[in-house]
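Notes follow once the structure below has been shown.
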Amino acid sequence: MITDPAQYPTTFNESPEMAARVAAGELPPVDQRVPRNPLVVEPVHEIGTYGGRELRRGYISTVNDRQNANRFNGGPDNLIYWDYAHRKVIPNIAAGFEVNADATVLTLYLREGMKWSDGAPFTAEDIVWWRQHMSLNSNVAAPPGQLRVGGEQVAVEKVDDYTVTLTAVAPYPLLPQIMAGWGSINGQTITGQFGYGGFAPAHYLQQFHADFNPDADALAQDAGQENWGAYLKNRNTWQTNPDLPTVTPWVMTRPINDPPWEFEANPYSIWVDTAGNQLPYIHKISMAGAEDREVLILNSVAGEYDFQDRHLQVASLPVLLENQERSGYMIHRTPGVGSDFGVRINLAYDADPVIGELIRTADFRRALSMGVDRDEINEAIFLGTSQTTSTAPSEQSVYALGQEWVEKWATLDVDAANALLDGIGLTEKDGEGYRLRPDGSGDRLVLVYEAPASFADFPAAGQLIREHWREIGIDLSAGPAVTGGLLVEKAEANEIMFSGHTVSSPDPFRQQDLIMPTRTNNYPGLIGIPYAKWRATDGADGVEPPDQLMIKEGWALLDAGLVEPDEAERIRIAKEIYKLHTDQVWSIGVVGDGLAIYGMYLANTNLGNIPARISNTLDQRAPSNALPPAFYWKS
């Protein structure tokens, strides 16, 4: 990204499709559509050209596969973002930012003349309106934990049309890094549907908000929605509402639930290259719906996609490599840093109080972790490409704790696991050797594992764990894949016991929700949504976590780290958080640092500006950092 205004282009060019719309009187000229200070990027290899056919991608049309597009087509739309190598935070949708001396005030400077995709001005009002009328309105959402520090909500205020301040009651030196990454305040495409995102199109959404439209509830009911708050979030859902104004390089023209899922270049895109060409170069993206991952991978092997990353499971790597030359694509491998797979535990589960109390017993969780054969899962599901691990940080991390913690409660030891289970009173067994419920009912203790088949075959991993836990007398029900949408509903209803997916987090301050209960909704909050609600509302809602879980100790460390200005001390606090999570086994780590999570991508060999390898982190919403708007057809 070019940040020196002296290097900004002074004239601008547009695609033939946009020029035709200008000639027809449908659009103003390009120099009136881009802001005075556009987002100028230097393509990875060369200045590209407009033209060529649509770019083809694939998604699973039978599930809520929204992440498939927001990490490629979405920009990203963070106000600020990480650089391509994940070394520093840089401007993005916002033109600039600065932090005051004591790190209590973050000032955002917006782009003069920037517009939403419908041509309406994008100003400070869109950030302040979102904060006041969505994120702090209980009819829409609970306040996002990322804008809470020192026990108080961060104040978001308009200075002028292009300046916004975020003011905390205590130092918050990590706020820029948090805003640059992944979470509740990191762009409309990620969490707009939940009432989050950090900004929203006030001019469009006011019609659905009861503070501005007295008929909002009637409008919602006419649309089949429960209330106006639900309908407002429905209308702020990027993947299903083609009318929603956005600030992404491509705008959605055909929704995810009506395949093919399609996007066309945003006429008001703020992205331009160093030669003044408004990006994207490629006008249209068409995402074909596939029934399941097997079909998507077959289509990939056949060369039917031009760029594909999501759903290329590690198990398919041999056949993908074998067919590269025949189908005209190249496979790029970019291992991630952090978890590839583990077992998420709902620490707040209470649908079955007896099982809930067991889940909230540390030795029960430790026994389950020691009962997992990680080596078998790594070989069978991940072709040996990952590393077996607990939930401790990667050895590549600044927070690395050493091998002792990588193995903490994470080495297969059936005898020790059985001893722990006996020690908490689970000594009675049925005729098949399974442990009985401790309530005296005589019934078998049955745990339930649910998982999507997303980055890898997480349901199959559950079947392996089912066999592993048989050796410690635990019966696990592990069925077929569950859709992402259903997992979200069940997580928010507090109905999930255990779920297979990624666990822990590369950074406990920037991505808090998988480390401890801080997220009040959605599947990533599964670790304890009722506890997160209790924290977010100062006890007005949700459930207070019991002392035995030591979650309050985790929150205290989190709060201390968020306001700690000294980096060395903040790293020490982070390590204590990881030790607490790992020792308490708030989730079960299995494998990490492999290819499963966006760790490989397929690119048509005729596409230009494809990086050979990218930094693969959740912060960067990889492959967003590959700069898809600068991809172009070489011939």
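Here's how to read the names in the structure tokens: chain A, B, ... by the order shown, residue numbers from 1 in each chain, ligand numbers from 1 in the order shown.
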
- For Glu98 (chain A): contacts at 9 Å, only C-alpha atoms, fewer than 3 positions along chain excluded, given as a ChimeraX atom specification: /A:105-109,176

Write out the residues from the selection above, keeping N, CA and C atoms, as a PDB file, in the first residue's frame.
```pdb
ATOM      1  N   VAL A 105      -6.886   7.369  23.300  1.00  0.00           N
ATOM      2  CA  VAL A 105      -7.692   7.875  22.189  1.00  0.00           C
ATOM      3  C   VAL A 105      -7.099   7.409  20.857  1.00  0.00           C
ATOM      4  N   LEU A 106      -7.913   6.738  20.082  1.00  0.00           N
ATOM      5  CA  LEU A 106      -7.567   6.377  18.706  1.00  0.00           C
ATOM      6  C   LEU A 106      -8.369   7.289  17.789  1.00  0.00           C
ATOM      7  N   THR A 107      -7.676   8.005  16.926  1.00  0.00           N
ATOM      8  CA  THR A 107      -8.340   8.891  15.975  1.00  0.00           C
ATOM      9  C   THR A 107      -8.277   8.284  14.585  1.00  0.00           C
ATOM     10  N   LEU A 108      -9.410   8.177  13.937  1.00  0.00           N
ATOM     11  CA  LEU A 108      -9.504   7.662  12.571  1.00  0.00           C
ATOM     12  C   LEU A 108      -9.770   8.821  11.621  1.00  0.00           C
ATOM     13  N   TYR A 109      -9.027   8.844  10.523  1.00  0.00           N
ATOM     14  CA  TYR A 109      -9.225   9.857   9.488  1.00  0.00           C
ATOM     15  C   TYR A 109      -9.776   9.166   8.247  1.00  0.00           C
ATOM     16  N   PRO A 176      -5.728  -0.525  17.839  1.00  0.00           N
ATOM     17  CA  PRO A 176      -5.473  -0.575  16.392  1.00  0.00           C
ATOM     18  C   PRO A 176      -5.243  -2.000  15.875  1.00  0.00           C
TER      19      PRO A 176
END
```

- Looking only at strand (DSSP E) from DSSP on the backbone, list the matching residues of region 340-532 of chain A as a ChimeraX atom specification. /A:340-345,387-388,446-450,475-478,498-501

Please write the residues from the selection above to a file, keeping C-alpha atoms, as a PDB file, in the first residue's frame.
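Result saved to part-v4.pdb:
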```
ATOM      1  CA  ASP A 340      -5.901 -26.731  12.538  1.00  0.00           C
ATOM      2  CA  PHE A 341      -8.295 -28.790  14.626  1.00  0.00           C
ATOM      3  CA  GLY A 342      -9.424 -29.366  18.162  1.00  0.00           C
ATOM      4  CA  VAL A 343     -12.546 -29.846  20.229  1.00  0.00           C
ATOM      5  CA  ARG A 344     -14.460 -26.764  21.321  1.00  0.00           C
ATOM      6  CA  ILE A 345     -16.086 -27.242  24.710  1.00  0.00           C
ATOM      7  CA  GLN A 387       1.826 -30.848  14.348  1.00  0.00           C
ATOM      8  CA  THR A 388       0.196 -32.503  17.353  1.00  0.00           C
ATOM      9  CA  VAL A 446     -23.254 -40.073  26.526  1.00  0.00           C
ATOM     10  CA  LEU A 447     -21.506 -36.971  25.191  1.00  0.00           C
ATOM     11  CA  VAL A 448     -22.413 -35.340  21.885  1.00  0.00           C
ATOM     12  CA  TYR A 449     -19.957 -34.015  19.301  1.00  0.00           C
ATOM     13  CA  GLU A 450     -21.113 -31.882  16.363  1.00  0.00           C
ATOM     14  CA  ASP A 475     -19.489 -42.934  24.856  1.00  0.00           C
ATOM     15  CA  LEU A 476     -19.405 -40.163  22.262  1.00  0.00           C
ATOM     16  CA  SER A 477     -22.161 -39.579  19.753  1.00  0.00           C
ATOM     17  CA  ALA A 478     -20.445 -38.163  16.648  1.00  0.00           C
ATOM     18  CA  PHE A 498     -18.655 -30.392  22.059  1.00  0.00           C
ATOM     19  CA  SER A 499     -17.768 -29.316  18.544  1.00  0.00           C
ATOM     20  CA  GLY A 500     -14.843 -30.029  16.249  1.00  0.00           C
ATOM     21  CA  HIS A 501     -13.165 -27.029  14.649  1.00  0.00           C
TER      22      HIS A 501
END
```

- Kindly indicate which residue among A:Gln188, A:Gln278, A:Asn241, A:Gln146 lies nearest to Val30 (chain A), using only C-alpha atoms for the distances.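 Nearest candidate to Val30 (chain A) out of A:Gln188, A:Gln278, A:Asn241, A:Gln146: A:Gln278.
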
Select from region 350-395 of chain A every residue with an atom at most 10 Å from any atom of region 532-555 of chain A, then for each give the shortest pair of atoms and their distance in Å to one decimal, using only C-alpha atoms, rows by chain and rising number, as a Markdown table.
```
| residue | atom | partner | partner_atom | distance |
| --- | --- | --- | --- | --- |
| A:Ile359 | CA | A:Leu549 | CA | 9.7 |
| A:Arg360 | CA | A:Leu549 | CA | 6.3 |
| A:Thr361 | CA | A:Gln548 | CA | 7.5 |
| A:Ala362 | CA | A:Leu549 | CA | 7.4 |
```

So that each row is one residue of region 352-384 of chain A with an atom at most 10 Å from region 410-418 of chain A, can you give its shortest atom pair and the distance in Å to one decimal, using only C-alpha atoms, rows by chain and rising number, as a tab-separated table?
```
residue	atom	partner	partner_atom	distance
A:Asp363	CA	A:Ala417	CA	8.7
A:Phe364	CA	A:Ala417	CA	8.6
A:Arg365	CA	A:Ala417	CA	9.7
A:Arg366	CA	A:Ala417	CA	7.4
A:Ala367	CA	A:Ala417	CA	4.2
A:Leu368	CA	A:Ala417	CA	7.0
A:Ser369	CA	A:Ala410	CA	5.8
A:Met370	CA	A:Leu412	CA	4.9
A:Gly371	CA	A:Leu412	CA	5.7
A:Val372	CA	A:Leu412	CA	5.9
A:Asp373	CA	A:Leu412	CA	5.6
A:Arg374	CA	A:Leu412	CA	7.5
A:Asp375	CA	A:Leu412	CA	9.0
```

- Query: Between CA of Leu136 (chain A) and CA of Arg148 (chain A), what is the distance, to one decimal in Å?
  - Reply: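 A separation of 11.4 Å between them.
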
- Message: Could you tell me how far CA of Gly74 (chain A) sits from CA of Leu110 (chain A), in Å to one decimal place?
- Response: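 Distance between the two atoms: 18.5 Å.
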
- Message: Which residues are near Ala69 (chain A)? Cut-off 12 Å, only C-alpha atoms, ignore same chain within fewer than 4 positions. Put them as a PyMOL selection string.
- Response: chain A and resi 56-60+64-65+73-76+189-190+238-240+248-252+255-256+261-263+285-288+307-310+621-624+628

- Task: Have a look at CA of Met600 (chain A) and CA of Ile331 (chain A) and let me know their distance in Å, one decimal.
- Result: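 CA of Ile331 (chain A) lies 6.7 Å from CA of Met600 (chain A).
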
- Message: Could you list, as a PyMOL selection string, every residue within 10 Å of Asp160 (chain A), counting only C-alpha atoms and ignoring same-chain residues fewer than 3 positions away?
- Response: chain A and resi 109-110+123-125+157+163-165
